[in-house]
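J.: Contents of structure02.csv (CSV, C-alpha atoms and all ligand atoms) are given next:
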chain,number,residue,atom,x,y,z
D,28,MET,CA,3.1,-49.6,227.5
D,29,ILE,CA,6.5,-50.1,225.9
D,30,VAL,CA,8.8,-47.6,224.2
D,31,VAL,CA,11.9,-49.1,222.4
D,32,ILE,CA,15.3,-47.7,221.4
D,33,ASP,CA,17.4,-49.8,219.0
D,34,GLY,CA,20.8,-49.1,217.7
D,35,PRO,CA,24.4,-50.3,217.5
D,36,ALA,CA,26.7,-50.7,220.5
D,37,GLY,CA,27.9,-47.4,221.9
D,38,SER,CA,25.2,-45.3,220.1
D,39,GLY,CA,24.1,-43.9,223.5
D,40,LYS,CA,20.8,-45.7,223.6
D,41,SER,CA,21.3,-47.2,227.0
D,42,SER,CA,22.4,-44.1,228.8
D,43,THR,CA,19.7,-42.1,227.1
D,44,ALA,CA,17.0,-44.6,228.0
D,45,ARG,CA,18.2,-44.6,231.6
D,46,ALA,CA,18.0,-40.8,231.8
D,47,VAL,CA,14.5,-40.8,230.2
D,48,ALA,CA,13.3,-43.4,232.6
D,49,GLY,CA,14.7,-41.5,235.5
D,50,LYS,CA,13.1,-38.2,234.4
D,51,LEU,CA,9.6,-39.7,233.6
D,52,GLN,CA,9.7,-42.1,236.5
D,53,ILE,CA,9.1,-45.1,234.3
D,54,GLN,CA,10.9,-48.5,234.2
D,55,PHE,CA,14.0,-49.3,232.2
D,56,LEU,CA,14.8,-52.6,230.6
D,57,ASP,CA,18.3,-53.2,229.2
D,58,SER,CA,17.9,-56.2,226.9
D,59,GLY,CA,21.6,-56.4,226.1
D,60,ALA,CA,22.3,-57.0,229.8
D,61,LEU,CA,20.1,-60.1,229.6
D,62,TYR,CA,22.2,-61.5,226.7
D,63,ARG,CA,25.3,-60.6,228.8
D,64,VAL,CA,24.0,-62.7,231.7
D,65,ALA,CA,23.5,-65.6,229.3
D,66,THR,CA,27.1,-65.1,228.2
D,67,LEU,CA,28.3,-65.4,231.8
D,68,VAL,CA,26.6,-68.8,232.0
D,69,TYR,CA,28.1,-69.7,228.6
D,70,LEU,CA,31.6,-68.9,229.8
D,71,ASP,CA,31.0,-70.7,233.0
D,72,THR,CA,30.1,-73.8,231.2
D,73,GLU,CA,33.2,-73.5,229.1
D,74,LYS,CA,31.3,-72.6,225.9
D,75,ASP,CA,29.5,-75.9,225.7
D,76,TYR,CA,26.0,-75.2,224.4
D,77,HIS,CA,24.6,-78.5,225.8
D,78,ALA,CA,25.9,-77.7,229.3
D,79,PHE,CA,24.9,-74.1,228.9
D,80,PHE,CA,21.2,-74.8,228.2
D,81,GLU,CA,21.0,-77.2,231.1
D,82,LYS,CA,22.4,-74.6,233.5
D,83,PHE,CA,20.7,-71.6,231.9
D,84,ASN,CA,17.2,-73.3,232.2
D,85,LYS,CA,17.8,-73.8,235.9
D,86,SER,CA,19.1,-70.3,236.5
D,87,LYS,CA,17.1,-67.5,238.0
D,88,ILE,CA,17.6,-64.1,236.3
D,89,SER,CA,16.2,-61.0,238.0
D,90,PHE,CA,16.8,-57.3,237.6
D,91,HIS,CA,15.6,-53.9,238.7
D,92,PHE,CA,16.2,-50.3,237.8
D,93,LYS,CA,17.3,-48.1,240.7
D,94,ASN,CA,19.2,-44.8,240.9
D,95,GLU,CA,19.5,-44.8,237.1
D,96,ARG,CA,21.3,-48.1,237.1
D,97,PHE,CA,20.1,-51.5,235.8
D,98,HIS,CA,21.0,-54.1,238.4
D,99,VAL,CA,21.1,-57.7,237.3
D,100,TYR,CA,21.2,-60.8,239.4
D,101,LEU,CA,22.1,-64.4,238.4
D,102,ASN,CA,20.8,-66.8,241.0
D,103,ASP,CA,20.6,-63.9,243.4
D,104,GLU,CA,24.2,-62.9,242.9
D,105,ASP,CA,24.7,-59.3,241.8
D,106,VAL,CA,26.4,-59.6,238.3
D,107,THR,CA,25.8,-55.9,237.3
D,108,ASP,CA,29.6,-55.3,237.0
D,109,ALA,CA,30.6,-58.8,235.9
D,110,ILE,CA,28.5,-58.6,232.7
D,111,ARG,CA,30.5,-55.5,231.5
D,112,GLU,CA,33.8,-57.3,231.6
D,113,MET,CA,35.7,-57.4,228.2
D,114,GLU,CA,35.5,-61.2,228.1
D,115,VAL,CA,31.7,-61.0,228.1
D,116,SER,CA,31.7,-58.3,225.4
D,117,GLU,CA,33.9,-60.5,223.3
D,118,HIS,CA,31.5,-63.5,223.3
D,119,VAL,CA,28.0,-61.8,223.7
D,120,SER,CA,27.3,-61.4,220.0
D,121,GLU,CA,28.0,-65.1,219.4
D,122,VAL,CA,25.6,-66.1,222.3
D,123,ALA,CA,23.0,-63.6,221.1
D,124,SER,CA,23.0,-65.1,217.6
D,125,ASN,CA,21.6,-68.4,218.9
D,126,PRO,CA,17.8,-68.4,218.1
D,127,LYS,CA,16.9,-70.6,221.1
D,128,ILE,CA,18.6,-68.1,223.5
D,129,ARG,CA,16.8,-65.2,221.8
D,130,ARG,CA,13.4,-66.9,222.3
D,131,GLU,CA,14.1,-67.3,226.0
D,132,VAL,CA,15.2,-63.7,226.5
D,133,ASN,CA,12.3,-62.4,224.4
D,134,ASP,CA,9.8,-64.4,226.4
D,135,LEU,CA,11.2,-63.0,229.6
D,136,MET,CA,11.0,-59.4,228.3
D,137,ARG,CA,7.5,-59.7,227.0
D,138,GLU,CA,6.3,-61.0,230.3
D,139,VAL,CA,8.0,-58.3,232.4
D,140,VAL,CA,6.7,-55.3,230.4
D,141,LYS,CA,3.1,-56.3,230.8
D,142,HIS,CA,3.2,-54.9,234.3
D,143,ASP,CA,4.3,-51.2,234.0
D,144,ILE,CA,5.4,-48.5,231.6
D,145,TYR,CA,8.8,-49.4,230.2
D,146,ILE,CA,11.5,-48.0,228.0
D,147,ALA,CA,13.8,-50.7,226.7
D,148,ASP,CA,16.9,-50.6,224.6
D,149,GLY,CA,18.4,-53.3,222.2
D,150,ARG,CA,18.9,-54.3,218.6
D,151,ASP,CA,15.7,-55.9,217.4
D,152,LEU,CA,13.1,-54.6,219.8
D,153,GLY,CA,11.2,-52.5,217.3
D,154,THR,CA,11.4,-55.1,214.6
D,155,ALA,CA,11.1,-58.5,216.3
D,156,VAL,CA,10.4,-58.4,220.0
D,157,PHE,CA,7.9,-55.5,220.3
D,158,PRO,CA,6.7,-54.8,216.7
D,159,ASP,CA,3.6,-53.1,218.2
D,160,ALA,CA,5.6,-50.8,220.6
D,161,GLU,CA,3.8,-47.4,221.2
D,162,LEU,CA,7.0,-45.5,220.2
D,163,LYS,CA,10.2,-46.7,218.5
D,164,PHE,CA,13.5,-44.9,218.2
D,165,PHE,CA,16.7,-45.9,216.4
D,166,MET,CA,19.9,-44.2,217.6
D,167,ASN,CA,23.1,-44.2,215.7
D,168,ALA,CA,26.6,-42.5,215.7
D,169,ASP,CA,29.8,-43.0,213.8
D,170,LEU,CA,32.2,-45.7,215.0
D,171,ASP,CA,34.8,-43.3,216.3
D,172,THR,CA,32.3,-41.4,218.4
D,173,ARG,CA,30.9,-44.7,219.8
D,174,ALA,CA,34.3,-46.1,220.6
D,175,GLN,CA,35.3,-42.9,222.5
D,176,ARG,CA,32.1,-43.0,224.5
D,177,ARG,CA,32.5,-46.6,225.5
D,178,TYR,CA,36.2,-46.1,226.3
D,179,ARG,CA,35.3,-43.2,228.7
D,180,GLU,CA,32.6,-45.3,230.4
D,181,LEU,CA,34.8,-48.3,231.0
D,182,LYS,CA,37.7,-46.2,232.2
D,183,GLN,CA,35.4,-44.5,234.7
D,184,GLU,CA,34.4,-48.0,235.9
D,185,GLY,CA,38.2,-48.7,236.4
D,186,GLN,CA,38.6,-51.2,233.6
D,187,ASP,CA,42.0,-51.6,232.0
D,188,VAL,CA,41.1,-51.3,228.3
D,189,SER,CA,42.5,-49.5,225.2
D,190,LEU,CA,40.6,-47.4,222.7
D,191,GLU,CA,41.8,-49.6,219.9
D,192,GLU,CA,40.5,-52.8,221.4
D,193,ILE,CA,37.1,-51.2,222.1
D,194,LYS,CA,36.9,-49.9,218.5
D,195,GLU,CA,37.7,-53.3,217.2
D,196,ASN,CA,35.2,-55.0,219.5
D,197,LEU,CA,32.4,-52.5,218.5
D,198,ALA,CA,33.2,-53.0,214.8
D,199,GLN,CA,33.1,-56.8,215.2
D,200,ARG,CA,29.8,-56.7,217.1
D,201,ASP,CA,28.2,-54.4,214.5
D,202,GLU,CA,29.1,-56.9,211.9
D,203,MET,CA,27.8,-59.9,213.8
D,204,ASP,CA,24.7,-58.2,215.1
D,205,SER,CA,23.7,-56.8,211.7
D,206,ASN,CA,24.3,-59.9,209.7
D,207,ARG,CA,23.1,-62.7,211.9
D,208,ALA,CA,20.2,-64.8,210.6
D,209,ALA,CA,18.0,-64.5,213.7
D,210,ASP,CA,16.5,-61.0,214.2
D,211,PRO,CA,19.5,-58.8,213.2
D,212,LEU,CA,20.1,-55.2,214.2
D,213,LYS,CA,17.8,-53.2,212.0
D,214,LYS,CA,15.9,-50.0,212.1
D,215,ALA,CA,12.1,-50.6,212.2
D,216,GLU,CA,10.4,-48.7,209.3
D,217,ASP,CA,8.3,-46.7,211.8
D,218,ALA,CA,11.2,-45.9,214.1
D,219,ILE,CA,12.3,-42.2,214.6
D,220,GLU,CA,16.0,-42.0,213.8
D,221,ILE,CA,18.3,-39.9,216.0
D,222,ASP,CA,22.0,-39.4,215.0
D,223,THR,CA,23.7,-38.9,218.3
D,224,SER,CA,27.0,-37.7,216.8
D,225,ALA,CA,25.0,-34.6,215.8
D,226,CYS,CA,23.2,-33.7,219.0
D,227,SER,CA,23.9,-33.4,222.7
D,228,PHE,CA,22.9,-35.9,225.3
D,229,GLU,CA,20.4,-33.4,226.8
D,230,GLU,CA,18.9,-32.9,223.4
D,231,GLN,CA,18.5,-36.7,222.8
D,232,VAL,CA,16.8,-37.1,226.2
D,233,SER,CA,14.5,-34.2,225.8
D,234,ILE,CA,13.4,-35.2,222.3
D,235,ILE,CA,12.4,-38.7,223.6
D,236,CYS,CA,10.9,-37.4,226.8
D,237,GLU,CA,8.7,-35.0,224.9
D,238,LYS,CA,7.4,-37.7,222.5
D,239,ILE,CA,6.7,-40.1,225.4
D,240,SER,CA,4.9,-37.5,227.5
D,241,LYS,CA,2.7,-36.6,224.6
D,242,ARG,CA,1.8,-40.3,224.2
D,243,ILE,CA,1.1,-40.9,227.9
D,244,ASN,CA,-1.2,-37.9,228.0
D,301,LIG,O1,23.6,-53.4,224.4
D,301,LIG,P1,24.8,-54.2,224.7
D,301,LIG,O2,26.0,-53.8,223.9
D,301,LIG,O3,25.0,-54.5,226.1
D,301,LIG,O4,24.4,-55.7,224.0
D,301,LIG,C1,25.2,-56.8,224.1
D,301,LIG,C2,25.0,-57.7,222.9
D,301,LIG,O5,23.7,-58.3,223.0
D,301,LIG,C3,25.1,-57.0,221.5
D,301,LIG,O6,26.3,-57.1,220.9
D,301,LIG,C4,24.0,-57.8,220.7
D,301,LIG,C5,23.2,-58.4,221.7
D,301,LIG,N1,21.8,-57.9,221.7
D,301,LIG,C6,20.9,-58.5,220.8
D,301,LIG,O7,21.3,-59.3,220.0
D,301,LIG,N2,19.6,-58.1,220.9
D,301,LIG,C7,19.2,-57.2,221.8
D,301,LIG,N3,17.9,-56.8,221.8
D,301,LIG,C8,20.1,-56.6,222.7
D,301,LIG,C9,21.4,-57.0,222.6
Spit out the file's structure as structure tokens when you get a sec.
T.:
Amino acid sequence: MIVVIDGPAGSGKSSTARAVAGKLQIQFLDSGALYRVATLVYLDTEKDYHAFFEKFNKSKISFHFKNERFHVYLNDEDVTDAIREMEVSEHVSEVASNPKIRREVNDLMREVVKHDIYIADGRDLGTAVFPDAELKFFMNADLDTRAQRRYRELKQEGQDVSLEEIKENLAQRDEMDSNRAADPLKKAEDAIEIDTSACSFEEQVSIICEKISKRIN
């Protein structure tokens, strides 16, 4: 069974999905993290797509959800923190706009979710990757709220970033993610919309938990 949450960067979908997964004891899949791993490989191959694909196809990507954290490994090396670096955030939308990379990431996700109950977050999960998902949510919030949230998160992780640069990065990614040709960020027609500027974190989590619990039972 798969439940999806789509929405723009910083809308709170990932932290909400993590909390829901923790509460309901189901699995969490962070699809953006997979594009971020691909971006690490892209940066490592000096942004050369030919070298990138050669290396990416030989790479082993693995992940697991533990203690409300999505841990990611590239060739068995823990890259959970590395994928959140600003340099990765600056290039990830470009990498994610490549249809060939999207196909590979989508195949990986579709295979994984066959084996358990998952809640996954992303941009195109309800529209392109899992159009038949049992439940779909679309989370949104205004740009200022999203920038403040992301700023607090990164500061807590000890990253040296400014609110302005985060706001600019989110605005740029919104633009690229929503306007790319391949599977852009879009609300699925049958998705339940949640504006997270208007409700508390606990409310978001409980709305989603309630709907999933009803479906499971
Ligand atoms: O959720 P995030 O901010 O970590 O995602 C990083 C980037 O990955 C985001 O800017 C767009 C891309 N992405 C995507 O294109 N499709 C998804 N399903 C998830 C993320």
J.: Counting only C-alpha atoms, which residue out of D:Gly39, D:Gly185, D:Pro211, D:Pro126 sits closest to D:Ala155?
T.: D:Pro211
J.: Go through D:Tyr100, D:Tyr69, D:Phe157, D:Phe83 and flag the residue nearest ligand LIG 301 (chain D), using only C-alpha atoms and all ligand atoms for the distances.
T.: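 Comparing D:Tyr100, D:Tyr69, D:Phe157, D:Phe83 against ligand LIG 301 (chain D), the winner is D:Phe157.
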J.: Write as a VMD selection string the residues around ligand LIG 301 (chain D), taking 7 Å as the cut-off and counting all atoms listed in the file.
T.: chain D and resid 36 to 37 58 to 60 62 to 63 116 119 to 120 123 to 124 148 to 152 200 204
J.: Output C-alpha atoms of each residue in that selection to a file, as a PDB file, keeping the file's coordinate frame.
T.:
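Done, and the output landed in part-v3.pdb:
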ATOM      1  CA  ALA D  36      26.700 -50.700 220.500  1.00  0.00           C
ATOM      2  CA  GLY D  37      27.900 -47.400 221.900  1.00  0.00           C
ATOM      3  CA  SER D  58      17.900 -56.200 226.900  1.00  0.00           C
ATOM      4  CA  GLY D  59      21.600 -56.400 226.100  1.00  0.00           C
ATOM      5  CA  ALA D  60      22.300 -57.000 229.800  1.00  0.00           C
ATOM      6  CA  TYR D  62      22.200 -61.500 226.700  1.00  0.00           C
ATOM      7  CA  ARG D  63      25.300 -60.600 228.800  1.00  0.00           C
ATOM      8  CA  SER D 116      31.700 -58.300 225.400  1.00  0.00           C
ATOM      9  CA  VAL D 119      28.000 -61.800 223.700  1.00  0.00           C
ATOM     10  CA  SER D 120      27.300 -61.400 220.000  1.00  0.00           C
ATOM     11  CA  ALA D 123      23.000 -63.600 221.100  1.00  0.00           C
ATOM     12  CA  SER D 124      23.000 -65.100 217.600  1.00  0.00           C
ATOM     13  CA  ASP D 148      16.900 -50.600 224.600  1.00  0.00           C
ATOM     14  CA  GLY D 149      18.400 -53.300 222.200  1.00  0.00           C
ATOM     15  CA  ARG D 150      18.900 -54.300 218.600  1.00  0.00           C
ATOM     16  CA  ASP D 151      15.700 -55.900 217.400  1.00  0.00           C
ATOM     17  CA  LEU D 152      13.100 -54.600 219.800  1.00  0.00           C
ATOM     18  CA  ARG D 200      29.800 -56.700 217.100  1.00  0.00           C
ATOM     19  CA  ASP D 204      24.700 -58.200 215.100  1.00  0.00           C
TER      20      ASP D 204
END
J.: Find the residues around stretch 230-240 of chain D up to 7 Å (only C-alpha atoms counted), leave out those fewer than 4 positions away in its own chain, and share them as number ranges by chain.
T.: D: 43, 46-47, 226, 244
J.: Dump as a VMD selection string all residues having an atom at most 9 Å from (13.1, -57.5, 227.9), computed in the file's coordinates with all atoms listed in the file.
T.: chain D and resid 56 to 59 61 132 to 140 147 to 149 152 156
J.: Quick one: residues within 8 Å of (9.4, -43.6, 218.2) (file frame), counting only C-alpha atoms, please, as a VMD selection string.
T.: chain D and resid 30 to 32 161 to 165 217 to 219 235 238
J.: Take atom CA of D:Ala198 and atom CA of D:Glu180 and report the distance between them in Å, one decimal.
T.: 17.4 Å
J.: Provide the atom CA of D:Ser205 to atom CA of D:Thr172 distance in Å, to one decimal place.
T.: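 Those two atoms sit 18.9 Å apart.
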J.: Please fill the gaps in stretch 137-169 of chain D so it has N, CA and C atoms, and write that as a compact mmCIF listing (two decimals), in the coordinates of the input.
T.:
# COMPACT_ATOMS: atom_id res chain seq x y z
N ARG D 137 8.93 -59.93 227.27
CA ARG D 137 7.50 -59.70 227.00
C ARG D 137 6.65 -59.84 228.22
N GLU D 138 7.02 -60.77 229.08
CA GLU D 138 6.30 -61.00 230.30
C GLU D 138 6.42 -59.79 231.25
N VAL D 139 7.66 -59.35 231.41
CA VAL D 139 8.00 -58.30 232.40
C VAL D 139 7.25 -56.97 232.01
N VAL D 140 7.23 -56.60 230.74
CA VAL D 140 6.70 -55.30 230.40
C VAL D 140 5.18 -55.15 230.46
N LYS D 141 4.53 -56.29 230.70
CA LYS D 141 3.10 -56.30 230.80
C LYS D 141 2.65 -55.47 232.08
N HIS D 142 3.57 -55.34 233.03
CA HIS D 142 3.20 -54.90 234.30
C HIS D 142 3.45 -53.40 234.66
N ASP D 143 3.99 -52.64 233.68
CA ASP D 143 4.30 -51.20 234.00
C ASP D 143 4.61 -50.49 232.67
N ILE D 144 5.00 -49.21 232.79
CA ILE D 144 5.40 -48.50 231.60
C ILE D 144 6.94 -48.65 231.48
N TYR D 145 7.41 -49.12 230.33
CA TYR D 145 8.80 -49.40 230.20
C TYR D 145 9.44 -48.68 228.98
N ILE D 146 10.71 -48.32 229.15
CA ILE D 146 11.50 -48.00 228.00
C ILE D 146 12.63 -49.00 227.94
N ALA D 147 12.81 -49.62 226.77
CA ALA D 147 13.80 -50.70 226.70
C ALA D 147 14.75 -50.41 225.54
N ASP D 148 16.01 -50.85 225.67
CA ASP D 148 16.90 -50.60 224.60
C ASP D 148 17.54 -51.97 224.12
N GLY D 149 17.85 -52.04 222.80
CA GLY D 149 18.40 -53.30 222.20
C GLY D 149 18.75 -53.16 220.79
N ARG D 150 18.56 -54.26 220.04
CA ARG D 150 18.90 -54.30 218.60
C ARG D 150 17.72 -54.56 217.73
N ASP D 151 16.82 -55.42 218.25
CA ASP D 151 15.70 -55.90 217.40
C ASP D 151 14.38 -55.70 218.10
N LEU D 152 14.32 -54.75 219.04
CA LEU D 152 13.10 -54.60 219.80
C LEU D 152 11.94 -54.09 218.97
N GLY D 153 12.23 -53.10 218.14
CA GLY D 153 11.20 -52.50 217.30
C GLY D 153 10.77 -53.40 216.15
N THR D 154 11.66 -54.28 215.74
CA THR D 154 11.40 -55.10 214.60
C THR D 154 10.81 -56.50 214.99
N ALA D 155 11.43 -57.13 215.99
CA ALA D 155 11.10 -58.50 216.30
C ALA D 155 10.40 -58.73 217.64
N VAL D 156 10.88 -58.06 218.68
CA VAL D 156 10.40 -58.40 220.00
C VAL D 156 9.06 -57.64 220.31
N PHE D 157 9.06 -56.33 220.01
CA PHE D 157 7.90 -55.50 220.30
C PHE D 157 7.47 -54.75 219.00
N PRO D 158 7.04 -55.47 217.95
CA PRO D 158 6.70 -54.80 216.70
C PRO D 158 5.55 -53.78 216.88
N ASP D 159 4.75 -53.97 217.96
CA ASP D 159 3.60 -53.10 218.20
C ASP D 159 3.93 -52.01 219.27
N ALA D 160 5.19 -51.78 219.55
CA ALA D 160 5.60 -50.80 220.60
C ALA D 160 4.91 -49.45 220.28
N GLU D 161 4.52 -48.73 221.33
CA GLU D 161 3.80 -47.40 221.20
C GLU D 161 4.75 -46.43 220.47
N LEU D 162 6.04 -46.47 220.81
CA LEU D 162 7.00 -45.50 220.20
C LEU D 162 8.30 -46.29 219.94
N LYS D 163 8.92 -45.99 218.79
CA LYS D 163 10.20 -46.70 218.50
C LYS D 163 11.21 -45.61 218.07
N PHE D 164 12.42 -45.77 218.59
CA PHE D 164 13.50 -44.90 218.20
C PHE D 164 14.67 -45.75 217.71
N PHE D 165 15.47 -45.17 216.81
CA PHE D 165 16.70 -45.90 216.40
C PHE D 165 17.84 -44.86 216.51
N MET D 166 18.79 -45.16 217.39
CA MET D 166 19.90 -44.20 217.60
C MET D 166 21.15 -44.74 216.95
N ASN D 167 21.90 -43.80 216.38
CA ASN D 167 23.10 -44.20 215.70
C ASN D 167 24.19 -43.12 215.90
N ALA D 168 25.45 -43.49 215.69
CA ALA D 168 26.60 -42.50 215.70
C ALA D 168 27.72 -43.21 215.00
N ASP D 169 28.68 -42.41 214.50
CA ASP D 169 29.80 -43.00 213.80
C ASP D 169 30.66 -43.86 214.74
